[in-house]
file my_file-v6.tsv (TSV, C-alpha atoms)
chain	number	residue	atom	x	y	z
A	117	MET	CA	126.58	32.01	-23.23
A	118	ALA	CA	129.41	31.53	-20.73
A	119	ASP	CA	132.02	31.93	-23.44
A	120	ALA	CA	131.40	32.82	-27.06
A	121	LEU	CA	133.06	34.20	-30.16
A	122	HIS	CA	131.70	37.60	-31.17
A	123	VAL	CA	131.74	38.78	-34.79
A	124	ASP	CA	131.65	42.49	-35.64
A	125	VAL	CA	132.22	44.33	-38.91
A	126	GLU	CA	133.45	47.87	-39.48
A	127	ALA	CA	133.56	49.60	-42.86
A	128	TRP	CA	135.21	52.80	-44.09
A	129	GLY	CA	136.30	54.31	-47.36
A	130	THR	CA	139.45	55.81	-48.84
A	131	ALA	CA	139.99	57.78	-52.02
A	132	SER	CA	140.59	54.56	-53.98
A	133	SER	CA	138.90	51.72	-52.12
A	134	LEU	CA	136.33	50.49	-49.64
A	135	LEU	CA	137.57	48.59	-46.61
A	136	ARG	CA	135.55	46.12	-44.56
A	137	GLU	CA	137.11	44.62	-41.46
A	138	VAL	CA	135.63	41.65	-39.64
A	139	ARG	CA	136.64	41.27	-36.00
A	140	PHE	CA	136.54	38.19	-33.79
A	141	ARG	CA	136.77	38.40	-30.01
A	142	ARG	CA	136.11	35.99	-27.16
A	143	ASP	CA	134.24	36.64	-23.95
A	144	ALA	CA	137.07	34.83	-22.19
A	145	GLY	CA	139.54	37.42	-23.46
A	146	GLY	CA	142.64	37.14	-25.56
A	147	ALA	CA	143.76	39.08	-28.58
A	148	GLU	CA	141.12	40.31	-30.99
A	149	ILE	CA	141.49	38.81	-34.48
A	150	ARG	CA	140.98	41.13	-37.44
A	151	VAL	CA	140.54	40.23	-41.11
A	152	LEU	CA	140.54	42.94	-43.74
A	153	TYR	CA	138.80	43.06	-47.12
A	154	GLU	CA	139.81	45.90	-49.43
A	155	ILE	CA	137.61	46.40	-52.48
A	156	PHE	CA	139.13	48.55	-55.20
A	157	ASP	CA	136.12	48.90	-57.45
A	158	GLY	CA	132.48	47.98	-57.63
A	159	ALA	CA	131.27	48.11	-54.04
A	160	THR	CA	127.98	49.99	-53.86
A	161	ARG	CA	127.60	50.48	-50.10
A	162	ASP	CA	129.67	50.46	-46.94
A	163	TYR	CA	128.02	47.38	-45.43
A	164	PRO	CA	126.41	44.50	-47.33
A	165	ASN	CA	122.72	43.81	-46.70
A	166	ALA	CA	123.72	40.61	-44.95
A	167	TRP	CA	127.00	39.51	-43.40
A	168	ASP	CA	126.79	36.06	-44.98
A	169	GLY	CA	130.19	36.26	-46.69
A	170	PHE	CA	132.07	37.09	-43.50
A	171	LEU	CA	130.67	33.97	-41.81
A	172	PHE	CA	131.35	31.65	-44.74
A	173	GLY	CA	134.89	32.99	-45.05
A	174	ALA	CA	135.82	32.10	-41.46
A	175	LEU	CA	133.48	29.14	-40.93
A	176	LEU	CA	136.13	26.45	-40.41
A	177	PHE	CA	137.94	28.69	-37.92
A	178	LEU	CA	134.66	29.08	-36.04
A	179	MET	CA	134.00	25.34	-36.15
A	180	LYS	CA	137.48	24.55	-34.90
A	181	SER	CA	136.99	26.88	-31.93
A	182	GLY	CA	133.97	24.89	-30.77
A	183	LEU	CA	132.44	28.05	-29.29
A	184	PRO	CA	128.98	29.52	-29.86
A	185	VAL	CA	129.16	32.39	-32.35
A	186	ARG	CA	127.39	35.69	-31.70
A	187	VAL	CA	127.08	37.79	-34.89
A	188	HIS	CA	126.43	41.47	-34.23
A	189	GLY	CA	124.75	42.07	-37.54
A	190	PRO	CA	122.35	40.45	-40.04
A	191	LEU	CA	122.53	37.05	-41.70
A	192	SER	CA	120.13	36.00	-44.43
A	193	ARG	CA	117.73	33.16	-43.84
A	194	SER	CA	119.10	30.92	-46.60
A	195	ALA	CA	122.66	31.51	-45.37
A	196	MET	CA	121.63	30.36	-41.89
A	197	GLN	CA	120.30	27.13	-43.41
A	198	ASN	CA	123.39	26.64	-45.56
A	199	LEU	CA	125.78	27.31	-42.69
A	200	GLU	CA	124.22	24.34	-40.93
A	201	GLU	CA	124.73	22.10	-43.96
A	202	VAL	CA	128.33	23.13	-44.61
A	203	GLN	CA	129.10	22.46	-40.97
A	204	ALA	CA	127.52	19.02	-41.24
A	205	PHE	CA	129.76	18.17	-44.20
A	206	TRP	CA	133.01	19.10	-42.47
A	207	ARG	CA	131.97	17.65	-39.13
A	208	MET	CA	131.33	14.27	-40.79
A	209	TRP	CA	134.48	14.29	-42.93
A	210	ARG	CA	136.86	15.61	-40.25
A	211	PRO	CA	135.22	14.91	-36.88
A	212	SER	CA	138.50	15.16	-34.99
A	213	VAL	CA	139.08	18.71	-36.26
A	214	TYR	CA	135.71	20.43	-36.67
A	215	GLY	CA	132.67	20.55	-34.42
A	216	GLN	CA	129.19	21.91	-35.04
A	217	VAL	CA	128.79	25.38	-33.52
A	218	GLU	CA	125.72	27.48	-32.85
A	219	ILE	CA	125.55	30.72	-34.86
A	220	VAL	CA	123.27	33.44	-33.49
A	221	PRO	CA	122.94	36.71	-35.45
A	222	ASP	CA	121.38	39.91	-34.18
A	223	ARG	CA	118.70	39.41	-36.80
A	224	ILE	CA	117.76	37.12	-39.68
A	225	VAL	CA	116.75	38.91	-42.86
A	226	ASP	CA	114.82	37.84	-45.94
A	227	LEU	CA	116.27	39.47	-49.06
A	228	GLU	CA	115.08	39.63	-52.64
A	229	ARG	CA	117.61	37.68	-54.71
A	230	SER	CA	116.72	38.59	-58.30
A	231	LYS	CA	118.67	41.53	-59.72
A	232	PRO	CA	118.41	43.25	-63.14
A	233	GLY	CA	120.17	41.15	-65.74
A	234	ARG	CA	120.83	38.35	-63.24
A	235	ARG	CA	124.54	39.04	-63.60
A	236	ALA	CA	127.34	36.75	-62.46
A	237	ILE	CA	130.84	37.44	-61.16
A	238	ALA	CA	133.44	34.65	-61.15
A	239	GLY	CA	136.53	34.16	-59.07
A	240	PHE	CA	139.49	34.39	-61.46
A	241	SER	CA	143.11	33.46	-60.89
A	242	GLY	CA	144.16	33.11	-64.52
A	243	GLY	CA	144.43	29.33	-64.19
A	244	VAL	CA	142.97	26.62	-66.40
A	245	ASP	CA	139.73	26.25	-64.44
A	246	SER	CA	138.80	29.92	-64.17
A	247	THR	CA	139.86	30.62	-67.76
A	248	PHE	CA	137.64	27.77	-68.93
A	249	THR	CA	134.71	29.17	-66.93
A	250	VAL	CA	135.03	32.48	-68.79
A	251	LEU	CA	135.39	30.71	-72.15
A	252	ARG	CA	132.39	28.43	-71.69
A	253	HIS	CA	129.97	31.19	-70.69
A	254	ARG	CA	131.22	33.80	-73.17
A	255	THR	CA	131.60	31.60	-76.26
A	256	GLY	CA	128.66	29.21	-76.03
A	257	LEU	CA	130.55	26.16	-74.72
A	258	SER	CA	128.18	25.94	-71.75
A	259	GLY	CA	125.16	25.22	-73.93
A	260	ALA	CA	121.96	27.12	-74.58
A	261	HIS	CA	121.66	28.71	-71.14
A	262	PRO	CA	124.93	30.32	-70.03
A	263	TYR	CA	125.21	32.48	-66.96
A	264	ASN	CA	125.40	36.20	-67.63
A	265	LEU	CA	129.07	36.27	-66.68
A	266	ASP	CA	130.34	39.77	-67.44
A	267	THR	CA	132.82	40.31	-64.59
A	268	VAL	CA	135.61	38.40	-62.83
A	269	LEU	CA	137.30	39.00	-59.50
A	270	MET	CA	141.02	38.61	-58.83
A	271	VAL	CA	141.88	38.46	-55.14
A	272	HIS	CA	145.27	39.55	-53.88
A	273	GLY	CA	146.26	37.50	-50.83
A	274	PHE	CA	145.32	34.02	-52.06
A	275	ASP	CA	147.72	32.61	-54.67
A	276	ILE	CA	149.89	35.74	-54.66
A	277	ASP	CA	151.33	36.83	-51.31
A	278	LEU	CA	150.24	40.20	-49.97
A	279	VAL	CA	153.80	41.50	-49.92
A	280	ASN	CA	154.08	40.91	-53.66
A	281	ARG	CA	152.09	43.88	-54.90
A	282	ASP	CA	154.08	44.14	-58.13
A	283	ASP	CA	153.51	40.45	-58.92
A	284	PHE	CA	149.77	40.89	-58.44
A	285	ALA	CA	149.73	43.95	-60.69
A	286	ARG	CA	151.61	42.04	-63.39
A	287	ALA	CA	149.28	39.06	-63.03
A	288	ALA	CA	146.26	41.31	-63.53
A	289	GLU	CA	147.85	42.86	-66.62
A	290	ARG	CA	148.62	39.39	-67.94
A	291	ALA	CA	144.92	38.51	-67.74
A	292	ARG	CA	143.58	41.67	-69.38
A	293	PRO	CA	144.04	40.78	-73.09
A	294	PHE	CA	142.01	37.58	-72.74
A	295	LEU	CA	139.32	39.21	-70.60
A	296	ALA	CA	139.08	42.14	-73.03
A	297	LYS	CA	138.66	39.71	-75.92
A	298	MET	CA	135.85	37.99	-74.00
A	299	GLY	CA	134.19	41.31	-73.11
A	300	VAL	CA	134.59	40.65	-69.39
A	301	ALA	CA	135.40	43.32	-66.79
A	302	LEU	CA	138.10	42.77	-64.17
A	303	ARG	CA	137.52	43.68	-60.52
A	304	THR	CA	140.20	43.36	-57.86
A	305	ALA	CA	140.18	42.98	-54.10
A	306	ARG	CA	142.70	42.38	-51.36
A	307	THR	CA	142.23	40.39	-48.16
A	308	THR	CA	144.25	39.23	-45.16
A	309	LEU	CA	141.95	36.23	-44.68
A	310	LYS	CA	144.40	33.56	-45.88
A	311	GLU	CA	147.47	35.29	-44.43
A	312	SER	CA	145.82	35.39	-40.99
A	313	ASN	CA	146.21	31.59	-40.95
A	314	LEU	CA	142.99	31.04	-39.06
A	315	GLN	CA	142.16	27.82	-40.87
A	316	ASN	CA	143.56	25.14	-43.13
A	317	TRP	CA	143.76	26.51	-46.68
A	318	GLU	CA	143.21	23.13	-48.36
A	319	ASP	CA	139.91	22.77	-46.48
A	320	SER	CA	138.77	26.38	-46.59
A	321	HIS	CA	139.81	27.96	-49.91
A	322	ALA	CA	136.34	27.84	-51.48
A	323	CYS	CA	134.86	29.35	-48.32
A	324	GLN	CA	137.45	32.11	-48.48
A	325	LEU	CA	136.82	32.82	-52.18
A	326	ALA	CA	133.06	32.80	-51.56
A	327	SER	CA	133.51	35.39	-48.84
A	328	CYS	CA	135.19	37.72	-51.35
A	329	LEU	CA	132.51	37.15	-54.00
A	330	HIS	CA	129.85	37.98	-51.40
A	331	GLN	CA	131.42	41.43	-51.05
A	332	PHE	CA	129.79	42.16	-54.44
A	333	SER	CA	126.39	40.66	-53.61
A	334	ASP	CA	124.61	44.01	-53.90
A	335	GLU	CA	125.36	44.00	-57.64
A	336	PHE	CA	125.59	40.37	-58.76
A	337	GLU	CA	123.09	37.57	-58.29
A	338	PHE	CA	125.57	34.74	-58.88
A	339	GLY	CA	129.11	34.14	-57.68
A	340	MET	CA	130.95	31.48	-59.65
A	341	ILE	CA	133.71	29.19	-58.41
A	342	ALA	CA	135.51	27.33	-61.18
A	343	SER	CA	135.57	23.60	-60.50
A	344	THR	CA	138.86	22.00	-59.57
A	345	ALA	CA	137.69	18.43	-60.14
A	346	SER	CA	135.06	16.96	-62.43
A	347	TYR	CA	131.85	15.20	-61.48
A	348	ALA	CA	133.53	11.98	-62.66
A	349	ASN	CA	136.34	12.32	-60.09
A	350	PRO	CA	135.17	14.56	-57.23
A	351	GLU	CA	137.79	15.16	-54.56
A	352	LEU	CA	136.32	14.58	-51.11
A	353	PRO	CA	137.07	15.98	-48.70
A	354	TYR	CA	138.56	19.02	-50.39
A	355	GLY	CA	138.08	22.74	-49.88
A	356	SER	CA	136.24	23.21	-53.18
A	357	ASN	CA	133.87	20.48	-54.29
A	358	PRO	CA	130.42	19.98	-55.87
A	359	VAL	CA	128.83	19.00	-52.56
A	360	VAL	CA	129.65	22.14	-50.60
A	361	ASP	CA	130.41	25.05	-52.92
A	362	HIS	CA	126.81	25.79	-53.90
A	363	LEU	CA	125.92	25.80	-50.19
A	364	LEU	CA	128.10	28.89	-49.70
A	365	SER	CA	125.06	30.90	-50.83
A	366	GLY	CA	122.79	33.38	-49.12
A	367	ASP	CA	119.71	35.37	-50.01
A	368	ALA	CA	121.79	38.06	-51.72
A	369	MET	CA	124.04	35.81	-53.82
A	370	SER	CA	123.92	32.21	-55.08
A	371	LEU	CA	127.24	30.41	-55.44
A	372	VAL	CA	127.82	28.16	-58.45
A	373	TYR	CA	130.36	25.32	-58.78
A	374	ASP	CA	131.12	25.69	-62.47
A	375	GLY	CA	132.62	23.52	-65.19
A	376	ALA	CA	132.64	20.15	-63.40
A	377	GLY	CA	131.08	18.51	-66.44
A	378	SER	CA	134.48	18.69	-68.17
A	379	LEU	CA	137.71	16.87	-67.39
A	380	LYS	CA	140.85	18.97	-66.92
A	381	THR	CA	142.24	17.63	-70.20
A	382	GLU	CA	139.06	18.79	-71.94
A	383	LYS	CA	139.38	22.24	-70.42
A	384	VAL	CA	142.95	22.55	-71.65
A	385	ALA	CA	141.90	21.34	-75.12
A	386	ALA	CA	139.29	24.12	-75.27
A	387	ILE	CA	141.81	26.75	-74.15
A	388	ALA	CA	144.36	25.45	-76.69
A	389	LYS	CA	142.08	26.68	-79.49
A	390	ASP	CA	142.49	30.29	-78.34
A	391	PRO	CA	146.05	31.71	-78.49
A	392	VAL	CA	145.10	34.72	-76.36
A	393	ALA	CA	143.65	32.49	-73.65
A	394	MET	CA	146.78	30.30	-73.70
A	395	ALA	CA	149.14	33.24	-73.43
A	396	GLY	CA	147.30	34.65	-70.43
A	397	LEU	CA	147.30	31.47	-68.35
A	398	ARG	CA	148.90	31.69	-64.91
A	399	PHE	CA	148.62	28.79	-62.49
A	400	CYS	CA	152.05	28.27	-60.90
A	401	TRP	CA	152.45	28.91	-57.18
A	402	GLU	CA	156.04	27.64	-56.72
A	403	GLY	CA	157.97	30.09	-58.87
A	404	LYS	CA	159.77	33.12	-57.44
A	405	ASP	CA	157.81	35.47	-59.72
A	406	GLN	CA	154.19	34.82	-58.79
A	407	SER	CA	152.94	36.59	-61.91
A	408	ARG	CA	154.42	33.88	-64.19
A	409	ASN	CA	154.66	30.11	-64.56
A	410	CYS	CA	157.98	28.56	-63.56
A	411	GLY	CA	157.45	25.81	-66.14
A	412	ARG	CA	159.10	23.05	-64.09
A	413	CYS	CA	157.04	22.48	-60.93
A	414	SER	CA	154.62	19.55	-60.83
A	415	LYS	CA	151.60	21.67	-61.69
A	416	CYS	CA	153.38	23.31	-64.62
A	417	VAL	CA	154.56	19.96	-65.98
A	418	ARG	CA	151.08	18.41	-65.69
A	419	THR	CA	149.66	21.35	-67.62
A	420	ARG	CA	152.38	21.03	-70.26
A	421	LEU	CA	151.41	17.38	-70.76
A	422	MET	CA	147.77	18.30	-71.23
A	423	PHE	CA	148.75	20.85	-73.87
A	424	LEU	CA	150.82	18.17	-75.61
A	425	LEU	CA	147.67	16.03	-75.76
A	426	ALA	CA	145.89	19.02	-77.31
A	427	GLY	CA	148.58	19.28	-79.98
A	428	VAL	CA	150.43	22.30	-78.57
A	429	GLN	CA	154.12	21.67	-77.92
A	430	ASN	CA	155.06	24.97	-76.28
A	431	PRO	CA	152.15	27.25	-75.32
A	432	ALA	CA	153.00	30.92	-74.83
A	433	CYS	CA	152.26	30.79	-71.10
A	434	PHE	CA	155.68	29.16	-70.58
A	435	ASP	CA	159.02	30.89	-71.07
A	436	GLU	CA	160.99	27.78	-72.02
A	437	GLU	CA	160.41	24.78	-74.25
A	438	PHE	CA	159.21	21.39	-73.03
A	439	GLU	CA	161.74	18.65	-72.30
A	440	ASP	CA	160.95	15.00	-71.52
A	441	THR	CA	163.26	15.16	-68.50
A	442	MET	CA	160.71	17.46	-66.83
A	443	VAL	CA	158.50	14.40	-66.30
A	444	ASP	CA	161.33	12.55	-64.54
A	445	ALA	CA	161.88	15.46	-62.15
A	446	MET	CA	158.18	15.93	-61.38
A	447	ARG	CA	157.11	15.30	-57.77
A	448	VAL	CA	153.88	13.45	-56.98
A	449	GLU	CA	153.10	14.21	-53.36
A	450	GLN	CA	149.31	14.13	-53.17
A	451	ILE	CA	146.65	11.68	-54.29
A	452	SER	CA	144.90	14.52	-56.15
A	453	ALA	CA	148.04	15.10	-58.25
A	454	TRP	CA	148.24	11.38	-58.98
A	455	ALA	CA	144.59	11.45	-60.12
A	456	ARG	CA	145.40	14.29	-62.53
A	457	LEU	CA	148.26	12.26	-63.98
A	458	GLY	CA	145.95	9.28	-64.31
A	459	GLU	CA	143.57	11.41	-66.33
A	460	ILE	CA	146.44	12.46	-68.62
A	461	ALA	CA	147.65	8.87	-69.04
A	462	ALA	CA	144.12	7.68	-69.86
A	463	ALA	CA	143.67	10.44	-72.44
A	464	ALA	CA	147.04	9.58	-74.02
A	465	GLU	CA	145.95	5.94	-74.32
A	466	ARG	CA	142.61	6.92	-75.89
A	467	GLN	CA	144.38	9.15	-78.40
A	468	GLY	CA	147.04	6.53	-79.18
A	469	VAL	CA	149.89	8.84	-78.14
A	470	LYS	CA	153.20	6.91	-77.98
A	471	ALA	CA	155.62	9.74	-77.26
A	472	PRO	CA	158.56	9.16	-74.84
A	473	TRP	CA	156.92	11.38	-72.21
A	474	VAL	CA	154.00	8.95	-71.99
A	475	ARG	CA	156.29	6.08	-70.96
A	476	LYS	CA	158.00	8.32	-68.44
A	477	LEU	CA	154.62	9.30	-67.03
A	478	GLN	CA	153.55	5.68	-66.70
A	479	ARG	CA	156.75	4.84	-64.79
A	480	LYS	CA	156.22	7.86	-62.55
A	481	MET	CA	152.69	6.72	-61.71
A	482	ALA	CA	153.79	3.13	-61.04
A	483	THR	CA	156.45	4.40	-58.63
A	484	TYR	CA	153.91	6.56	-56.83
A	485	ARG	CA	151.50	3.63	-56.45
A	486	ARG	CA	154.24	1.52	-54.86
A	487	GLN	CA	155.30	4.31	-52.50
A	488	ALA	CA	151.71	5.13	-51.55
A	489	LEU	CA	151.06	1.49	-50.67
A	490	ILE	CA	154.21	1.31	-48.54
A	491	GLU	CA	153.30	4.55	-46.75
A	492	ARG	CA	149.77	3.28	-46.11
A	493	GLN	CA	151.09	0.04	-44.64
A	494	ALA	CA	153.60	2.01	-42.57
A	495	SER	CA	150.82	4.22	-41.17
A	496	TRP	CA	148.90	1.13	-40.06
A	497	ALA	CA	152.02	-0.37	-38.46
A	498	GLY	CA	153.13	2.96	-37.01
A	499	PRO	CA	151.79	2.54	-33.44
A	500	ALA	CA	153.50	-0.85	-33.07
A	501	LEU	CA	156.77	0.49	-34.49
A	502	ASP	CA	156.59	3.44	-32.08
A	503	ARG	CA	156.22	1.10	-29.11
A	504	MET	CA	159.35	-0.74	-30.22
A	505	GLY	CA	161.19	2.45	-31.05
A	506	MET	CA	161.64	1.23	-34.63
A	507	ARG	CA	159.71	3.73	-36.77
A	508	GLY	CA	162.80	5.82	-37.59
A	509	VAL	CA	164.90	2.74	-38.37
A	510	VAL	CA	162.28	1.33	-40.76
A	511	LYS	CA	161.86	4.67	-42.55
A	512	ARG	CA	165.60	5.09	-43.04
A	513	THR	CA	165.89	1.55	-44.41
A	514	LEU	CA	163.04	2.06	-46.89
A	515	ARG	CA	164.55	5.33	-48.07
A	516	THR	CA	167.96	3.70	-48.50
A	517	PHE	CA	166.47	1.24	-50.98
A	518	GLY	CA	164.42	3.94	-52.75
A	519	LEU	CA	161.12	2.55	-51.51
A	520	LEU	CA	159.99	5.64	-49.60
A	521	ARG	CA	160.22	9.36	-50.36

call {"tool": "encode", "arguments": {"input": "my_file-v6.tsv", "output": "structure tokens"}}
result
Amino acid sequence: MADALHVDVEAWGTASSLLREVRFRRDAGGAEIRVLYEIFDGATRDYPNAWDGFLFGALLFLMKSGLPVRVHGPLSRSAMQNLEEVQAFWRMWRPSVYGQVEIVPDRIVDLERSKPGRRAIAGFSGGVDSTFTVLRHRTGLSGAHPYNLDTVLMVHGFDIDLVNRDDFARAAERARPFLAKMGVALRTARTTLKESNLQNWEDSHACQLASCLHQFSDEFEFGMIASTASYANPELPYGSNPVVDHLLSGDAMSLVYDGAGSLKTEKVAAIAKDPVAMAGLRFCWEGKDQSRNCGRCSKCVRTRLMFLLAGVQNPACFDEEFEDTMVDAMRVEQISAWARLGEIAAAAERQGVKAPWVRKLQRKMATYRRQALIERQASWAGPALDRMGMRGVVKRTLRTFGLLR
């Protein structure tokens, strides 16, 4: 290989944690890139039996580089197969960004997957999706054959910034009453993977979570990723989805995309029946205190509306009471957010809810549809407007009349 990316891993222990550092370097030179994983409890050995998780965690960075990848350690046979498939997905969905790259490990290993008890560990943020995953497998909501989910993993460095150690500690404490009630243990880890900004978070967040779950593959047979979208409305392309998430598996651990058989409104309705689960919810990423919910951002307001549908006016996860004006102030900036609101509006219609917030929501959605159509037309006309030097003039005019955000 004339030029290649080399992947090495070093591990060492401290009095309170195990650290694993993955390092990327190019034959052509340049600064070495280092990503740290710090595991505070539960790791059974310095190095995992296979380095599958390290490759999945940085896969989109590797694909974007376009370089052959030389892994100076073992990868499992099923991970090698799945790495090919995950690459195929992203190459087809974003061909201008990601290319297929060759991955060559020092050795390919065949590992025995079955472990005593066939235990599962789930990624857990405290949000609606991960809380529902715990509920459904610990209370029988998943049917006759639940996973043996007895542990969850909270990762510092994803939704809570690494500098906010106190916020992470408070978020973990916030989750403990619900997890204790469910009989589920809490593990914690810390990583610089997201903060290193190697890859687009919206595309790569399931890969990054999978890489952290794989750090516990010596103990658990299954790693669970709570579904963001349902099977009825899969979001493609998106960093976590039912097509790709299960492919983030290797011989040592199988990844599971969990809970996609339920709509978000159904998940909230299930949580609404458990006051402890409601009180422990934490899903806001816009507030100054990352251990709490601001109550007014778009995600908070959407969740409030779903609780209203479930018959709960002011769940304990919010510090202030609901006001209809929160719907007016809500921003709708992504098609995925609009889809969530559509689900809420459809549920309100099915339930015959006629509250003022429903009318406000319908107006909000109608406005978004109009703006989205204008923006789509503008994107098609953009090249011609650029040639005439008119793009800025047209945008300013549309904004003046309230037709464009």

call {"tool": "closest_residue", "arguments": {"input": "my_file-v6.tsv", "among": "A:Val185, A:Ala345, A:Leu251, A:Ala174", "to": "Arg150 in chain A", "atoms": "all atoms listed in the file"}}
result
A:Ala174

call {"tool": "closest_residue", "arguments": {"input": "my_file-v6.tsv", "among": "A:Ile387, A:Gln406, A:Gly411, A:Asn430", "to": "Thr255 in chain A", "atoms": "only C-alpha atoms"}}
result
A:Ile387

call {"tool": "residues_near_point", "arguments": {"input": "my_file-v6.tsv", "point": "(155.5, 29.6, -70.7)", "cutoff": "12 Å", "atoms": "all atoms listed in the file", "output": "list in words"}}
result
Met394, Ala395, Gly396, Leu397, Arg398, Phe399, Cys400, Ser407, Arg408, Asn409, Cys410, Gly411, Arg412, Cys416, Val417, Thr419, Arg420, Phe423, Val428, Gln429, Asn430, Pro431, Ala432, Cys433, Phe434, Asp435, Glu436, Glu437 and Phe438 of chain A

call {"tool": "write_last_selection", "arguments": {"input": "my_file-v6.tsv", "atoms": "C-alpha atoms", "output": "CSV table (one decimal), in the frame of the given file"}}
result
chain,number,residue,atom,x,y,z
A,394,MET,CA,146.8,30.3,-73.7
A,395,ALA,CA,149.1,33.2,-73.4
A,396,GLY,CA,147.3,34.6,-70.4
A,397,LEU,CA,147.3,31.5,-68.4
A,398,ARG,CA,148.9,31.7,-64.9
A,399,PHE,CA,148.6,28.8,-62.5
A,400,CYS,CA,152.0,28.3,-60.9
A,407,SER,CA,152.9,36.6,-61.9
A,408,ARG,CA,154.4,33.9,-64.2
A,409,ASN,CA,154.7,30.1,-64.6
A,410,CYS,CA,158.0,28.6,-63.6
A,411,GLY,CA,157.4,25.8,-66.1
A,412,ARG,CA,159.1,23.0,-64.1
A,416,CYS,CA,153.4,23.3,-64.6
A,417,VAL,CA,154.6,20.0,-66.0
A,419,THR,CA,149.7,21.4,-67.6
A,420,ARG,CA,152.4,21.0,-70.3
A,423,PHE,CA,148.8,20.8,-73.9
A,428,VAL,CA,150.4,22.3,-78.6
A,429,GLN,CA,154.1,21.7,-77.9
A,430,ASN,CA,155.1,25.0,-76.3
A,431,PRO,CA,152.2,27.2,-75.3
A,432,ALA,CA,153.0,30.9,-74.8
A,433,CYS,CA,152.3,30.8,-71.1
A,434,PHE,CA,155.7,29.2,-70.6
A,435,ASP,CA,159.0,30.9,-71.1
A,436,GLU,CA,161.0,27.8,-72.0
A,437,GLU,CA,160.4,24.8,-74.2
A,438,PHE,CA,159.2,21.4,-73.0

call {"tool": "residues_around", "arguments": {"input": "my_file-v6.tsv", "residues": "range 439-452 of chain A", "least_positions_apart": "2", "cutoff": "12 Å", "atoms": "all atoms listed in the file", "output": "PyMOL selection string"}}
result
chain A and resi 318+344-346+349-354+410-421+424+429-430+436-437+454-459+471-485+487-489+491+520-521

call {"tool": "write_last_selection", "arguments": {"input": "my_file-v6.tsv", "atoms": "C-alpha atoms", "output": "tab-separated table (two decimals), in the frame of the given file"}}
result
chain	number	residue	atom	x	y	z
A	318	GLU	CA	143.21	23.13	-48.36
A	344	THR	CA	138.86	22.00	-59.57
A	345	ALA	CA	137.69	18.43	-60.14
A	346	SER	CA	135.06	16.96	-62.43
A	349	ASN	CA	136.34	12.32	-60.09
A	350	PRO	CA	135.17	14.56	-57.23
A	351	GLU	CA	137.79	15.16	-54.56
A	352	LEU	CA	136.32	14.58	-51.11
A	353	PRO	CA	137.07	15.98	-48.70
A	354	TYR	CA	138.56	19.02	-50.39
A	410	CYS	CA	157.98	28.56	-63.56
A	411	GLY	CA	157.45	25.81	-66.14
A	412	ARG	CA	159.10	23.05	-64.09
A	413	CYS	CA	157.04	22.48	-60.93
A	414	SER	CA	154.62	19.55	-60.83
A	415	LYS	CA	151.60	21.67	-61.69
A	416	CYS	CA	153.38	23.31	-64.62
A	417	VAL	CA	154.56	19.96	-65.98
A	418	ARG	CA	151.08	18.41	-65.69
A	419	THR	CA	149.66	21.35	-67.62
A	420	ARG	CA	152.38	21.03	-70.26
A	421	LEU	CA	151.41	17.38	-70.76
A	424	LEU	CA	150.82	18.17	-75.61
A	429	GLN	CA	154.12	21.67	-77.92
A	430	ASN	CA	155.06	24.97	-76.28
A	436	GLU	CA	160.99	27.78	-72.02
A	437	GLU	CA	160.41	24.78	-74.25
A	454	TRP	CA	148.24	11.38	-58.98
A	455	ALA	CA	144.59	11.45	-60.12
A	456	ARG	CA	145.40	14.29	-62.53
A	457	LEU	CA	148.26	12.26	-63.98
A	458	GLY	CA	145.95	9.28	-64.31
A	459	GLU	CA	143.57	11.41	-66.33
A	471	ALA	CA	155.62	9.74	-77.26
A	472	PRO	CA	158.56	9.16	-74.84
A	473	TRP	CA	156.92	11.38	-72.21
A	474	VAL	CA	154.00	8.95	-71.99
A	475	ARG	CA	156.29	6.08	-70.96
A	476	LYS	CA	158.00	8.32	-68.44
A	477	LEU	CA	154.62	9.30	-67.03
A	478	GLN	CA	153.55	5.68	-66.70
A	479	ARG	CA	156.75	4.84	-64.79
A	480	LYS	CA	156.22	7.86	-62.55
A	481	MET	CA	152.69	6.72	-61.71
A	482	ALA	CA	153.79	3.13	-61.04
A	483	THR	CA	156.45	4.40	-58.63
A	484	TYR	CA	153.91	6.56	-56.83
A	485	ARG	CA	151.50	3.63	-56.45
A	487	GLN	CA	155.30	4.31	-52.50
A	488	ALA	CA	151.71	5.13	-51.55
A	489	LEU	CA	151.06	1.49	-50.67
A	491	GLU	CA	153.30	4.55	-46.75
A	520	LEU	CA	159.99	5.64	-49.60
A	521	ARG	CA	160.22	9.36	-50.36

call {"tool": "residues_around", "arguments": {"input": "my_file-v6.tsv", "residues": "Val220 in chain A", "least_positions_apart": "4", "cutoff": "8 Å", "atoms": "only C-alpha atoms", "output": "list in words"}}
result
Pro184, Val185, Arg186 and Val187 of chain A

call {"tool": "axis_aligned_box", "arguments": {"input": "my_file-v6.tsv", "around": "range 384-389 of chain A", "padding_each_side": "3 Å", "output": "AutoDock Vina command-line options"}}
result
--center_x 141.8 --center_y 24.0 --center_z -75.6 --size_x 11.1 --size_y 11.4 --size_z 13.8

call {"tool": "atom_distance", "arguments": {"input": "my_file-v6.tsv", "atom1": "CA of Asp282 in chain A", "atom2": "CA of Met270 in chain A"}}
result
14.2 Å

call {"tool": "residues_near_point", "arguments": {"input": "my_file-v6.tsv", "point": "(135.8, 49.9, -44.2)", "cutoff": "7 Å", "atoms": "all atoms listed in the file", "output": "list in words"}}
result
Glu126, Ala127, Trp128, Gly129, Leu134, Leu135, Arg136, Glu137 and Asp162 of chain A
